[in-house]
Amino acid sequence: MSISGFRYLTKQGLSNIARNKLMSFASIGVLTACLVITGVAALMSLNVGKFVDYLGAQNKVIVYLKLDADDATIESAKQAIGGVPNILSSTYVSKEDALNETKSWISGYDNGAYANVLDGYEGDNNPLYASFRVTVDDLSKIKDTVAELAKLPGVDFVDAPSDLAGTLVSLKRAVNIGGWGLVAVLAAVSLVVIHNTIRITVFARRKEINIMKFVGATNGFIRLPFLVEGTAIGLISAALAFGVVSGAYIGVLEAVSRAGTGWLSSLYFTIVDYNSVWSLLLGVFLVSGALIGGVGSAASIRRHLKV
Amino acid sequence: MSISGFRYLTKQGLSNIARNKLMSFASIGVLTACLVITGVAALMSLNVGKFVDYLGAQNKVIVYLKLDADDATIESAKQAIGGVPNILSSTYVSKEDALNETKSWISGYDNGAYANVLDGYEGDNNPLYASFRVTVDDLSKIKDTVAELAKLPGVDFVDAPSDLAGTLVSLKRAVNIGGWGLVAVLAAVSLVVIHNTIRITVFARRKEINIMKFVGATNGFIRLPFLVEGTAIGLISAALAFGVVSGAYIGVLEAVSRAGTGWLSSLYFTIVDYNSVWSLLLGVFLVSGALIGGVGSAASIRRHLKV
Amino acid sequence: MIEFKGVKKEYPGGNVALDDFNLRIDRGEFVFVLGHSGAGKSTFLKLILHEEMATEGKIVVNGYDFTRIKNRQIPYMRRSLGVVFQDFRLIPTMTAYENVAFAMRVTNVPERRIRSRVPYVLNLVGLQDRARSYPAEMSGGEQQRIALARALVHSPPIIIADEPTGNIDPELSVEIMELLCAISKVGTTVVVVTHEQELAAQFHQRTVYIDKGRVVSDSCPVPSRPTFLAHGTGEASR
Amino acid sequence: MIEFKGVKKEYPGGNVALDDFNLRIDRGEFVFVLGHSGAGKSTFLKLILHEEMATEGKIVVNGYDFTRIKNRQIPYMRRSLGVVFQDFRLIPTMTAYENVAFAMRVTNVPERRIRSRVPYVLNLVGLQDRARSYPAEMSGGEQQRIALARALVHSPPIIIADEPTGNIDPELSVEIMELLCAISKVGTTVVVVTHEQELAAQFHQRTVYIDKGRVVSDSCPVPSRPTFLAHGTGEASR
Ligand SMILES: Nc1ncnc2c1ncn2[C@@H]1O[C@H](COP(=O)(O)OP(=O)(O)OP(=O)(O)O)[C@@H](O)[C@H]1O
Ligand SMILES: Nc1ncnc2c1ncn2[C@@H]1O[C@H](COP(=O)(O)OP(=O)(O)OP(=O)(O)O)[C@@H](O)[C@H]1O
Ligand SMILES: [Mg+2]
Ligand SMILES: [Mg+2]
């Protein structure tokens, strides 16, 4: 195909959008709607995943040091813990800290009825262990991490919230499967919808396609304007969907950040930041919009080219 | 319109479905997809709501009876609690039960270091209160319920998990707003998609509509077959969507029930039962399918009737 | 029956298709409308059908004054017209039978009557065998004759035909013209737009010439009883 | 150029449109194809165009043997044909100019050449003013002439016209036939399907009669040089 022919067909495809106003509008509407749905589902899924991560990070593994651990042992244990993989952070809790914590906790029970139960256990009488409170990175590998921690010098035993960890791991897996499953389902549904829309749109123009064939146009010649038209519609839809999803997401972020007190505002820090997703979102939208629109309509005319 | 005319037009509408196979398929595909999306979103929303309810139900309000409460007072308190609204259940915990619970709980701490701390508090020395553990129905009204419980004869004070309650109430509100908001958004998106699909479908048949007008058909005469066709397509889509959603839901229920151990299987009891939703689901699908399909296509031909 | 007074039709692009167009066609008349390509013949018919609206002037069809006609009256006005369109306008999703029957269905004619009348009319245009064919499965001339059958089937007071023989061979054309003539003898107004001057000339009927959107000649029929009539009536009632 | 040997065409419904159809048309010939409505004339053209496929027999068009032609060759075979369809087949979303230009664009003719050739051809059919109109904005005859312009514009070796004057008044019809005649004199094969026997008779060319799907008569042209030619060529090169 010559360059001028290519230019002509491209122009043709673009001007078809303006010419078939009703159908272009409708197709853009459908495609935008589908991209928005899938985008919202993906963002929700990302956020729930991150929320579960956050819950997981709240749960600490406690590494109890031997009762007779001296400062040098503590220091070397700290170093050793720093060398264990899959660990996010660790905080040292001394024997005194542990006792004070326990005291304040017991005195809170039943209006302080047992507030003095632990009097006299201070100093060398302190029966509690010094410990490191460790947060792990990937909860699903917590068993290995705990095993490694238990082997470190100076460590007496390791207390892992293994039940909770198991729960969180399975919750996260469920959320992952469920969430991305939902995204996949919505994306599939969108594809069905878009495919059908494009088929109807092309069907409405089968006469035009037919005539072109009889004038001696090759399939490629007929397809190119449809490809251009579909791609342009896909890109427009992608831009619109990106605008809608971004606007909504920023709106939600603002609403949450303004929620002030309580549970909702604490959510704010677990929400996936807009800056970290927009480029991915836009990229995925543009690419899938262009592919669906362009390839979809070019492929849909196949059955009408058979004359 | 005569009865035979009506019968004819109805038959016409139905046979149009077979005649416009491609467009019927496509429309049914789109409509089914949209109903499925909305249905899945609604079921998810229902379930998350119920899950939050379940979490709420786990949290008990504790009604402490006066230290010197005798059996008669306990009995009358029990009656009185039964008369307070917004209460789901209540369990009596005697002084002895409370002590035993506390003992077993304390002996679990730090490898039983404090196991004997409470020895000697049995019988008349028991400093603990007898109590009723009460679960409330609607967490958002917990404040009123607690106030009422506190006023009952024989009650010393009431311990309510007010913070958690607040969190759960706002969580539930968020889930409600978010979930049904999602349903609304998906339903709206579906409407946009369906509306556009119907518009294109009707557009592809504008010539036919046009010709009918020139032969002297009234708008009603032209509209009726479209109404019938659209309604039938709506009902078919509703039935398909119902099948898909039901199948998927039953599948999920089975998967969860077979999950055996752990957190996932405990979910089973909080999942909304299929038997309690299927009729509502089917009803909503059929009605909205018929409305969208029938009214949608009849309304979409309006612009083409203006000749 | 049909009256145009000072009618002007300017299409959106600025094309003036009719200008100061005056014509009156009475009940039972048979009128040929002749004119060059683009003279305004189809526009004239489109205005009668209320497919297009006049820019200026007064149009009265079958008692309906188009300056005052209400939207919901238009279908009823159209039912008093039987039209053969230049581009046929058959419904592609209906068989020949259904296309013809449709013109009766819109007026709520009982099914029994439709079942006897449609085959009769299909027979009249010589297409009794093609009842079950869809328009795309018929030749150009066959489609044109189906369009004619549809125009005739509900016995409208006015029949309007735009080039009804444009795709039909001479013998058949004469037959069809004779059929239309016979119909006009029983009180139906017939307007035939055609470019086949010679065919029109054979029938000695009122002939209106349109040129550049104006009536330039309106010749009365030859008073003598034309020779074809005996034969023509026979055809129509066959 | 065009050769049909024992061709049979049976449509899916069971209609046999052509049966044992034999015809050979050589380069530069001018052939009228006549026949009743439904005789199989358009089917003949549809077979040439590979729009329909023969049930039996051999068809060769411009060297392409249809029993052996590959799908990707079909567009190139069609480019050697200029066709005026009975139902025009103009692309409704393109202007008259674009519809005509389209037949050149598919063959990658440079834009410069298109810009000079299209107006020339529109002028030839008398529609230089309607270049910017869409098909729906033109009269029947105008659409037909645009279809003719599209068939001529890329100077194909074969021109096929199905009722090219079905919607055009007699004077214009004669002009157009003269144009086609003139074109055939410079080596183009021209096949004209028409039901206007009298028009065909004026031109003293080879005339093929089709009836019930068979060639029933194939008369040679009158040997004397026809009188219209001087005038005809003048028209074409105007
Ligand atoms: N797609 C089709 N399916 C079935 N039958 C068809 C089809 N196309 C044409 N026919 C039939 O084949 C026969 C020949 O049709 P064709 O169109 O070739 O006639 P024609 O000679 O062009 O007639 P006309 O002068 O009326 O255009 C007719 O009886 C017609 O009904
Ligand atoms: N929709 C339209 N928009 C603009 N111009 C139009 C439209 N329809 C027709 N015209 C123009 O109006 C003029 C009259 O058209 P009309 O169809 O009435 O001609 P006609 O006499 O029927 O011709 P023919 O014998 O070729 O069918 C023509 O020049 C035509 O191009
Ligand atoms: Mg006309
Ligand atoms: Mg034909």
# chains A, B, ... in the order shown; residues from 1 in each chain; ligands from 1

call {"tool": "closest_atom_pairs", "arguments": {"of": "chain D", "to": "ligand 3", "cutoff": "12 Å", "atoms": "only C-alpha atoms and all ligand atoms", "output": "JSON lines"}}
result
{"residue": "D:Ala136", "atom": "CA", "partner": "ligand 3", "partner_atom_place_in_ligand_line": "1 (Mg)", "distance": 11.4}
{"residue": "D:Glu137", "atom": "CA", "partner": "ligand 3", "partner_atom_place_in_ligand_line": "1 (Mg)", "distance": 11.0}
{"residue": "D:Met138", "atom": "CA", "partner": "ligand 3", "partner_atom_place_in_ligand_line": "1 (Mg)", "distance": 8.5}
{"residue": "D:Ser139", "atom": "CA", "partner": "ligand 3", "partner_atom_place_in_ligand_line": "1 (Mg)", "distance": 4.9}
{"residue": "D:Gly140", "atom": "CA", "partner": "ligand 3", "partner_atom_place_in_ligand_line": "1 (Mg)", "distance": 4.6}
{"residue": "D:Gly141", "atom": "CA", "partner": "ligand 3", "partner_atom_place_in_ligand_line": "1 (Mg)", "distance": 6.5}
{"residue": "D:Glu142", "atom": "CA", "partner": "ligand 3", "partner_atom_place_in_ligand_line": "1 (Mg)", "distance": 8.6}
{"residue": "D:Gln143", "atom": "CA", "partner": "ligand 3", "partner_atom_place_in_ligand_line": "1 (Mg)", "distance": 9.6}
{"residue": "D:Gln144", "atom": "CA", "partner": "ligand 3", "partner_atom_place_in_ligand_line": "1 (Mg)", "distance": 10.6}
{"residue": "D:Gly166", "atom": "CA", "partner": "ligand 3", "partner_atom_place_in_ligand_line": "1 (Mg)", "distance": 10.9}
{"residue": "D:Asn167", "atom": "CA", "partner": "ligand 3", "partner_atom_place_in_ligand_line": "1 (Mg)", "distance": 7.4}
{"residue": "D:Ile168", "atom": "CA", "partner": "ligand 3", "partner_atom_place_in_ligand_line": "1 (Mg)", "distance": 9.0}
{"residue": "D:Asp169", "atom": "CA", "partner": "ligand 3", "partner_atom_place_in_ligand_line": "1 (Mg)", "distance": 10.6}

call {"tool": "residues_around", "arguments": {"residues": "Val186 (chain D)", "least_positions_apart": "3", "cutoff": "8 Å", "atoms": "only C-alpha atoms", "output": "PDB file with all heavy atoms, in the first residue's frame"}}
result
ATOM      1  N   GLY D  28     -13.354  -5.636 -26.471  1.00  0.00           N
ATOM      2  CA  GLY D  28     -13.822  -4.553 -27.315  1.00  0.00           C
ATOM      3  C   GLY D  28     -15.243  -4.713 -27.814  1.00  0.00           C
ATOM      4  O   GLY D  28     -15.766  -3.822 -28.480  1.00  0.00           O
ATOM      5  N   ALA D 182     -18.989   4.699 -27.387  1.00  0.00           N
ATOM      6  CA  ALA D 182     -17.721   5.338 -27.699  1.00  0.00           C
ATOM      7  C   ALA D 182     -16.587   4.692 -26.926  1.00  0.00           C
ATOM      8  O   ALA D 182     -15.489   4.461 -27.446  1.00  0.00           O
ATOM      9  CB  ALA D 182     -17.804   6.829 -27.379  1.00  0.00           C
ATOM     10  N   ILE D 183     -16.862   4.376 -25.700  1.00  0.00           N
ATOM     11  CA  ILE D 183     -15.840   3.737 -24.873  1.00  0.00           C
ATOM     12  C   ILE D 183     -15.461   2.370 -25.445  1.00  0.00           C
ATOM     13  O   ILE D 183     -14.288   1.976 -25.455  1.00  0.00           O
ATOM     14  CB  ILE D 183     -16.344   3.616 -23.417  1.00  0.00           C
ATOM     15  CG1 ILE D 183     -16.371   4.994 -22.777  1.00  0.00           C
ATOM     16  CG2 ILE D 183     -15.475   2.673 -22.614  1.00  0.00           C
ATOM     17  CD1 ILE D 183     -17.091   5.042 -21.461  1.00  0.00           C
TER      18      ILE D 183
END

call {"tool": "interface_residues", "arguments": {"of": "chain C", "to": "chain D", "cutoff": "10 Å", "atoms": "only C-alpha atoms", "output": "VMD selection string"}}
result
chain C and resid 11 to 13 15 17 34 to 43 86 to 87 132 to 133 137 to 145 162 to 163 165 to 173 194 to 198

call {"tool": "write_last_selection", "arguments": {"atoms": "N, CA and C atoms", "output": "CSV table (one decimal), in the first residue's frame"}}
result
chain,number,residue,atom,x,y,z
C,11,TYR,N,-34.0,21.7,0.0
C,11,TYR,CA,-33.3,20.7,0.8
C,11,TYR,C,-32.3,21.4,1.7
C,12,PRO,N,-32.0,20.9,2.8
C,12,PRO,CA,-31.0,21.5,3.8
C,12,PRO,C,-29.7,22.0,3.1
C,13,GLY,N,-29.2,21.3,2.1
C,13,GLY,CA,-28.0,21.7,1.5
C,13,GLY,C,-28.1,23.0,0.7
C,15,ASN,N,-30.3,23.0,-2.1
C,15,ASN,CA,-30.9,22.5,-3.3
C,15,ASN,C,-32.4,22.9,-3.4
C,17,ALA,N,-35.6,21.9,-4.9
C,17,ALA,CA,-36.1,20.8,-5.8
C,17,ALA,C,-37.4,21.2,-6.4
C,34,LEU,N,-44.0,13.4,-15.9
C,34,LEU,CA,-42.7,13.2,-16.6
C,34,LEU,C,-41.7,14.3,-16.3
C,35,GLY,N,-40.5,14.0,-16.5
C,35,GLY,CA,-39.5,15.1,-16.3
C,35,GLY,C,-38.1,14.5,-16.3
C,36,HIS,N,-37.1,15.3,-16.5
C,36,HIS,CA,-35.7,14.9,-16.5
C,36,HIS,C,-35.3,14.3,-15.2
C,37,SER,N,-34.2,13.7,-15.2
C,37,SER,CA,-33.6,13.2,-13.9
C,37,SER,C,-33.2,14.5,-13.1
C,38,GLY,N,-33.7,14.5,-11.9
C,38,GLY,CA,-33.4,15.6,-11.0
C,38,GLY,C,-34.4,16.7,-11.1
C,39,ALA,N,-35.5,16.5,-11.9
C,39,ALA,CA,-36.5,17.6,-12.1
C,39,ALA,C,-37.3,17.9,-10.9
C,40,GLY,N,-37.4,16.9,-10.0
C,40,GLY,CA,-38.2,17.1,-8.8
C,40,GLY,C,-39.4,16.2,-8.6
C,41,LYS,N,-39.4,15.1,-9.5
C,41,LYS,CA,-40.5,14.2,-9.5
C,41,LYS,C,-40.6,13.5,-8.1
C,42,SER,N,-39.5,12.9,-7.7
C,42,SER,CA,-39.6,12.1,-6.5
C,42,SER,C,-39.8,13.1,-5.3
C,43,THR,N,-39.3,14.3,-5.4
C,43,THR,CA,-39.6,15.2,-4.3
C,43,THR,C,-41.1,15.5,-4.2
C,86,GLN,N,-39.4,4.6,-5.7
C,86,GLN,CA,-38.4,4.4,-6.8
C,86,GLN,C,-37.3,3.4,-6.3
C,87,ASP,N,-37.0,3.3,-5.0
C,87,ASP,CA,-36.1,2.4,-4.5
C,87,ASP,C,-36.8,1.2,-3.7
C,132,ARG,N,-42.8,-16.7,-0.8
C,132,ARG,CA,-42.0,-17.0,0.4
C,132,ARG,C,-40.5,-16.4,0.3
C,133,SER,N,-40.3,-15.7,-0.8
C,133,SER,CA,-38.9,-15.2,-1.0
C,133,SER,C,-38.7,-13.9,-0.3
C,137,GLU,N,-33.7,-12.1,-2.3
C,137,GLU,CA,-33.7,-13.3,-3.2
C,137,GLU,C,-34.5,-13.1,-4.5
C,138,MET,N,-34.8,-11.8,-4.7
C,138,MET,CA,-35.6,-11.6,-5.9
C,138,MET,C,-34.9,-10.7,-6.9
C,139,SER,N,-35.2,-10.8,-8.1
C,139,SER,CA,-34.6,-9.9,-9.2
C,139,SER,C,-35.2,-8.5,-9.0
C,140,GLY,N,-34.5,-7.5,-9.6
C,140,GLY,CA,-34.9,-6.1,-9.5
C,140,GLY,C,-36.4,-5.9,-9.9
C,141,GLY,N,-36.8,-6.5,-11.0
C,141,GLY,CA,-38.1,-6.4,-11.5
C,141,GLY,C,-39.1,-7.0,-10.6
C,142,GLU,N,-38.7,-8.1,-10.0
C,142,GLU,CA,-39.6,-8.8,-9.0
C,142,GLU,C,-39.8,-8.0,-7.8
C,143,GLN,N,-38.8,-7.4,-7.3
C,143,GLN,CA,-38.9,-6.5,-6.1
C,143,GLN,C,-39.8,-5.3,-6.5
C,144,GLN,N,-39.7,-4.8,-7.7
C,144,GLN,CA,-40.5,-3.7,-8.0
C,144,GLN,C,-42.0,-4.1,-8.1
C,145,ARG,N,-42.2,-5.3,-8.6
C,145,ARG,CA,-43.6,-5.7,-8.6
C,145,ARG,C,-44.2,-6.0,-7.2
C,162,ASP,N,-43.6,5.6,-8.4
C,162,ASP,CA,-42.4,6.3,-8.8
C,162,ASP,C,-41.6,5.3,-9.7
C,163,GLU,N,-41.6,5.5,-11.0
C,163,GLU,CA,-40.9,4.7,-12.0
C,163,GLU,C,-41.3,3.2,-11.7
C,165,THR,N,-42.0,0.9,-13.6
C,165,THR,CA,-41.6,0.0,-14.7
C,165,THR,C,-40.1,0.2,-15.0
C,166,GLY,N,-39.4,0.8,-14.1
C,166,GLY,CA,-37.9,1.1,-14.4
C,166,GLY,C,-37.1,-0.1,-14.5
C,167,ASN,N,-37.5,-1.2,-13.9
C,167,ASN,CA,-36.8,-2.5,-14.0
C,167,ASN,C,-37.5,-3.6,-14.6
C,168,ILE,N,-38.5,-3.2,-15.4
C,168,ILE,CA,-39.4,-4.3,-16.0
C,168,ILE,C,-39.4,-4.2,-17.5
C,169,ASP,N,-39.4,-5.4,-18.2
C,169,ASP,CA,-39.4,-5.4,-19.6
C,169,ASP,C,-40.6,-4.8,-20.2
C,170,PRO,N,-40.6,-4.4,-21.5
C,170,PRO,CA,-41.7,-3.6,-22.1
C,170,PRO,C,-43.0,-4.3,-22.0
C,171,GLU,N,-43.1,-5.6,-22.3
C,171,GLU,CA,-44.4,-6.2,-22.3
C,171,GLU,C,-45.1,-6.1,-20.9
C,172,LEU,N,-44.2,-6.5,-20.0
C,172,LEU,CA,-44.7,-6.5,-18.6
C,172,LEU,C,-45.1,-5.1,-18.2
C,173,SER,N,-44.3,-4.1,-18.6
C,173,SER,CA,-44.6,-2.7,-18.3
C,173,SER,C,-46.0,-2.3,-18.8
C,194,THR,N,-42.8,8.6,-14.4
C,194,THR,CA,-42.0,7.7,-15.2
C,194,THR,C,-41.1,8.5,-16.1
C,195,HIS,N,-40.0,7.9,-16.6
C,195,HIS,CA,-39.2,8.6,-17.6
C,195,HIS,C,-39.5,8.0,-19.0
C,196,GLU,N,-40.3,7.0,-19.0
C,196,GLU,CA,-40.6,6.3,-20.3
C,196,GLU,C,-41.7,7.0,-21.1
C,197,GLN,N,-41.4,8.1,-21.7
C,197,GLN,CA,-42.4,8.9,-22.4
C,197,GLN,C,-43.2,8.1,-23.4
C,198,GLU,N,-42.5,7.2,-24.1
C,198,GLU,CA,-43.2,6.4,-25.1
C,198,GLU,C,-44.3,5.5,-24.5

call {"tool": "interface_residues", "arguments": {"of": "chain B", "to": "chain C", "cutoff": "8 Å", "atoms": "only C-alpha atoms", "output": "PyMOL selection string"}}
result
chain B and resi 1-2+4-5+19+207-208+211-218+221+307

call {"tool": "closest_atom_pairs", "arguments": {"of": "chain A", "to": "chain B", "cutoff": "7 Å", "atoms": "only C-alpha atoms", "output": "CSV"}}
result
residue,atom,partner,partner_atom,distance
A:Met23,CA,B:Ile200,CA,6.1
A:Ala26,CA,B:Asn196,CA,4.8
A:Gly29,CA,B:Val193,CA,6.8
A:Val30,CA,B:Val193,CA,4.8
A:Ala33,CA,B:Val189,CA,5.6
A:Thr167,CA,B:Trp263,CA,5.6
A:Val189,CA,B:Ala33,CA,5.6
A:Val192,CA,B:Gly29,CA,6.9
A:Val193,CA,B:Val30,CA,4.8
A:Asn196,CA,B:Ala26,CA,4.8
A:Thr197,CA,B:Thr197,CA,6.2
A:Ile200,CA,B:Met23,CA,6.2
A:Thr201,CA,B:Ile200,CA,6.6
A:Ala204,CA,B:Ala204,CA,4.7
A:Trp263,CA,B:Thr167,CA,5.8

call {"tool": "write_last_selection", "arguments": {"atoms": "N, CA and C atoms", "output": "PDB file, in the first residue's frame"}}
result
ATOM      1  N   MET A  23     -23.128   5.654  16.528  1.00  0.00           N
ATOM      2  CA  MET A  23     -22.443   4.411  16.846  1.00  0.00           C
ATOM      3  C   MET A  23     -21.129   4.674  17.564  1.00  0.00           C
ATOM      4  N   ALA A  26     -21.975   5.449  21.131  1.00  0.00           N
ATOM      5  CA  ALA A  26     -22.407   4.237  21.831  1.00  0.00           C
ATOM      6  C   ALA A  26     -21.211   3.346  22.127  1.00  0.00           C
ATOM      7  N   GLY A  29     -19.154   4.798  24.796  1.00  0.00           N
ATOM      8  CA  GLY A  29     -19.846   4.619  26.072  1.00  0.00           C
ATOM      9  C   GLY A  29     -19.623   3.224  26.626  1.00  0.00           C
ATOM     10  N   VAL A  30     -19.826   2.243  25.782  1.00  0.00           N
ATOM     11  CA  VAL A  30     -19.689   0.858  26.231  1.00  0.00           C
ATOM     12  C   VAL A  30     -18.254   0.563  26.665  1.00  0.00           C
ATOM     13  N   ALA A  33     -17.332   2.372  29.861  1.00  0.00           N
ATOM     14  CA  ALA A  33     -17.992   1.741  31.004  1.00  0.00           C
ATOM     15  C   ALA A  33     -17.245   0.478  31.425  1.00  0.00           C
ATOM     16  N   THR A 167      -4.328 -17.474  59.360  1.00  0.00           N
ATOM     17  CA  THR A 167      -5.587 -16.854  58.952  1.00  0.00           C
ATOM     18  C   THR A 167      -5.342 -15.746  57.943  1.00  0.00           C
ATOM     19  N   VAL A 189     -16.182 -10.188  31.119  1.00  0.00           N
ATOM     20  CA  VAL A 189     -17.531  -9.707  30.809  1.00  0.00           C
ATOM     21  C   VAL A 189     -17.444  -8.485  29.896  1.00  0.00           C
ATOM     22  N   VAL A 192     -16.758  -9.529  26.443  1.00  0.00           N
ATOM     23  CA  VAL A 192     -17.973 -10.033  25.792  1.00  0.00           C
ATOM     24  C   VAL A 192     -18.828  -8.869  25.313  1.00  0.00           C
ATOM     25  N   VAL A 193     -19.008  -7.921  26.239  1.00  0.00           N
ATOM     26  CA  VAL A 193     -19.856  -6.771  25.916  1.00  0.00           C
ATOM     27  C   VAL A 193     -19.284  -6.004  24.727  1.00  0.00           C
ATOM     28  N   ASN A 196     -19.441  -7.877  21.420  1.00  0.00           N
ATOM     29  CA  ASN A 196     -20.788  -7.864  20.849  1.00  0.00           C
ATOM     30  C   ASN A 196     -21.153  -6.494  20.297  1.00  0.00           C
ATOM     31  N   THR A 197     -20.755  -5.460  21.025  1.00  0.00           N
ATOM     32  CA  THR A 197     -21.056  -4.111  20.549  1.00  0.00           C
ATOM     33  C   THR A 197     -20.391  -3.875  19.205  1.00  0.00           C
ATOM     34  N   ILE A 200     -22.154  -5.685  16.432  1.00  0.00           N
ATOM     35  CA  ILE A 200     -23.382  -5.032  15.971  1.00  0.00           C
ATOM     36  C   ILE A 200     -23.032  -3.805  15.133  1.00  0.00           C
ATOM     37  N   THR A 201     -22.026  -3.051  15.615  1.00  0.00           N
ATOM     38  CA  THR A 201     -21.642  -1.837  14.902  1.00  0.00           C
ATOM     39  C   THR A 201     -21.186  -2.168  13.490  1.00  0.00           C
ATOM     40  N   ALA A 204     -24.049  -3.220  11.306  1.00  0.00           N
ATOM     41  CA  ALA A 204     -24.836  -2.107  10.783  1.00  0.00           C
ATOM     42  C   ALA A 204     -24.178  -1.507   9.548  1.00  0.00           C
ATOM     43  N   TRP A 263     -12.261   5.049  62.704  1.00  0.00           N
ATOM     44  CA  TRP A 263     -11.788   3.939  61.934  1.00  0.00           C
ATOM     45  C   TRP A 263     -11.461   4.321  60.491  1.00  0.00           C
TER      46      TRP A 263
END

call {"tool": "residues_around", "arguments": {"residues": "Lys151 (chain B)", "least_positions_apart": "4", "cutoff": "12 Å", "atoms": "only C-alpha atoms", "output": "ChimeraX atom specification"}}
result
/B:63-65,77,80-81,84,144-147,155-158

call {"tool": "write_last_selection", "arguments": {"atoms": "N, CA, C and O atoms", "output": "short mmCIF file (atom, residue, chain, number, x, y, z; two decimals), in the first residue's frame"}}
result
data_model
loop_
_atom_site.label_atom_id
_atom_site.label_comp_id
_atom_site.auth_asym_id
_atom_site.auth_seq_id
_atom_site.Cartn_x
_atom_site.Cartn_y
_atom_site.Cartn_z
N VAL B 63 -23.39 -7.55 81.26
CA VAL B 63 -24.21 -6.88 82.27
C VAL B 63 -23.81 -7.47 83.63
O VAL B 63 -24.10 -8.63 83.93
N TYR B 64 -23.09 -6.68 84.43
CA TYR B 64 -22.63 -7.17 85.73
C TYR B 64 -23.72 -6.98 86.75
O TYR B 64 -24.28 -5.88 86.89
N LEU B 65 -24.03 -8.06 87.49
CA LEU B 65 -25.04 -7.96 88.55
C LEU B 65 -24.34 -7.50 89.83
O LEU B 65 -23.12 -7.66 89.98
N ALA B 77 -33.63 -10.35 86.93
CA ALA B 77 -32.79 -9.63 85.97
C ALA B 77 -32.87 -10.31 84.61
O ALA B 77 -32.99 -9.67 83.56
N ALA B 80 -35.98 -9.36 83.04
CA ALA B 80 -35.95 -7.96 82.61
C ALA B 80 -35.12 -7.80 81.33
O ALA B 80 -35.51 -7.09 80.40
N ILE B 81 -33.99 -8.51 81.29
CA ILE B 81 -33.15 -8.41 80.09
C ILE B 81 -33.90 -8.92 78.87
O ILE B 81 -33.83 -8.35 77.78
N VAL B 84 -35.87 -6.24 77.22
CA VAL B 84 -35.22 -5.09 76.57
C VAL B 84 -35.16 -5.34 75.05
O VAL B 84 -34.83 -6.44 74.63
N ASP B 144 -28.20 3.06 73.34
CA ASP B 144 -29.52 3.05 73.98
C ASP B 144 -29.72 1.75 74.75
O ASP B 144 -30.20 1.75 75.89
N THR B 145 -29.34 0.67 74.13
CA THR B 145 -29.55 -0.63 74.76
C THR B 145 -28.76 -0.73 76.05
O THR B 145 -29.28 -1.18 77.09
N VAL B 146 -27.51 -0.29 76.00
CA VAL B 146 -26.66 -0.32 77.20
C VAL B 146 -27.30 0.53 78.30
O VAL B 146 -27.38 0.12 79.46
N ALA B 147 -27.79 1.71 77.93
CA ALA B 147 -28.40 2.60 78.92
C ALA B 147 -29.60 1.91 79.56
O ALA B 147 -29.78 1.95 80.79
N VAL B 155 -28.81 -4.77 88.51
CA VAL B 155 -27.64 -4.57 87.66
C VAL B 155 -26.70 -3.57 88.31
O VAL B 155 -27.13 -2.50 88.75
N ASP B 156 -25.43 -3.91 88.40
CA ASP B 156 -24.47 -2.99 88.97
C ASP B 156 -23.98 -2.03 87.90
O ASP B 156 -24.20 -0.82 87.98
N PHE B 157 -23.31 -2.59 86.90
CA PHE B 157 -22.90 -1.73 85.78
C PHE B 157 -22.85 -2.60 84.50
O PHE B 157 -22.88 -3.83 84.58
N VAL B 158 -22.75 -1.90 83.38
CA VAL B 158 -22.74 -2.60 82.09
C VAL B 158 -21.46 -2.28 81.36
O VAL B 158 -21.06 -1.11 81.27
#

call {"tool": "closest_residue", "arguments": {"among": "C:Ile158, C:Val31, C:Leu179, C:Ile210", "to": "ligand 2", "atoms": "only C-alpha atoms and all ligand atoms"}}
result
C:Ile210

call {"tool": "residues_around", "arguments": {"residues": "Lys8 (chain C)", "least_positions_apart": "3", "cutoff": "6 Å", "atoms": "only C-alpha atoms", "output": "number ranges by chain"}}
result
C: 18-20, 55-56

call {"tool": "residues_around", "arguments": {"residues": "Leu291 (chain B)", "least_positions_apart": "4", "cutoff": "10 Å", "atoms": "only C-alpha atoms", "output": "list in words"}}
result
Leu227, Gly230, Thr231, Gly234, Leu235, Phe285, Leu286, Val287, Val295, Gly296 and Ser297 of chain B

call {"tool": "atom_distance", "arguments": {"atom1": "CA of Gly154 (chain B)", "atom2": "CA of Thr73 (chain B)"}}
result
6.0 Å

call {"tool": "atom_distance", "arguments": {"atom1": "CA of Tyr249 (chain B)", "atom2": "CA of Ala290 (chain B)"}}
result
23.1 Å
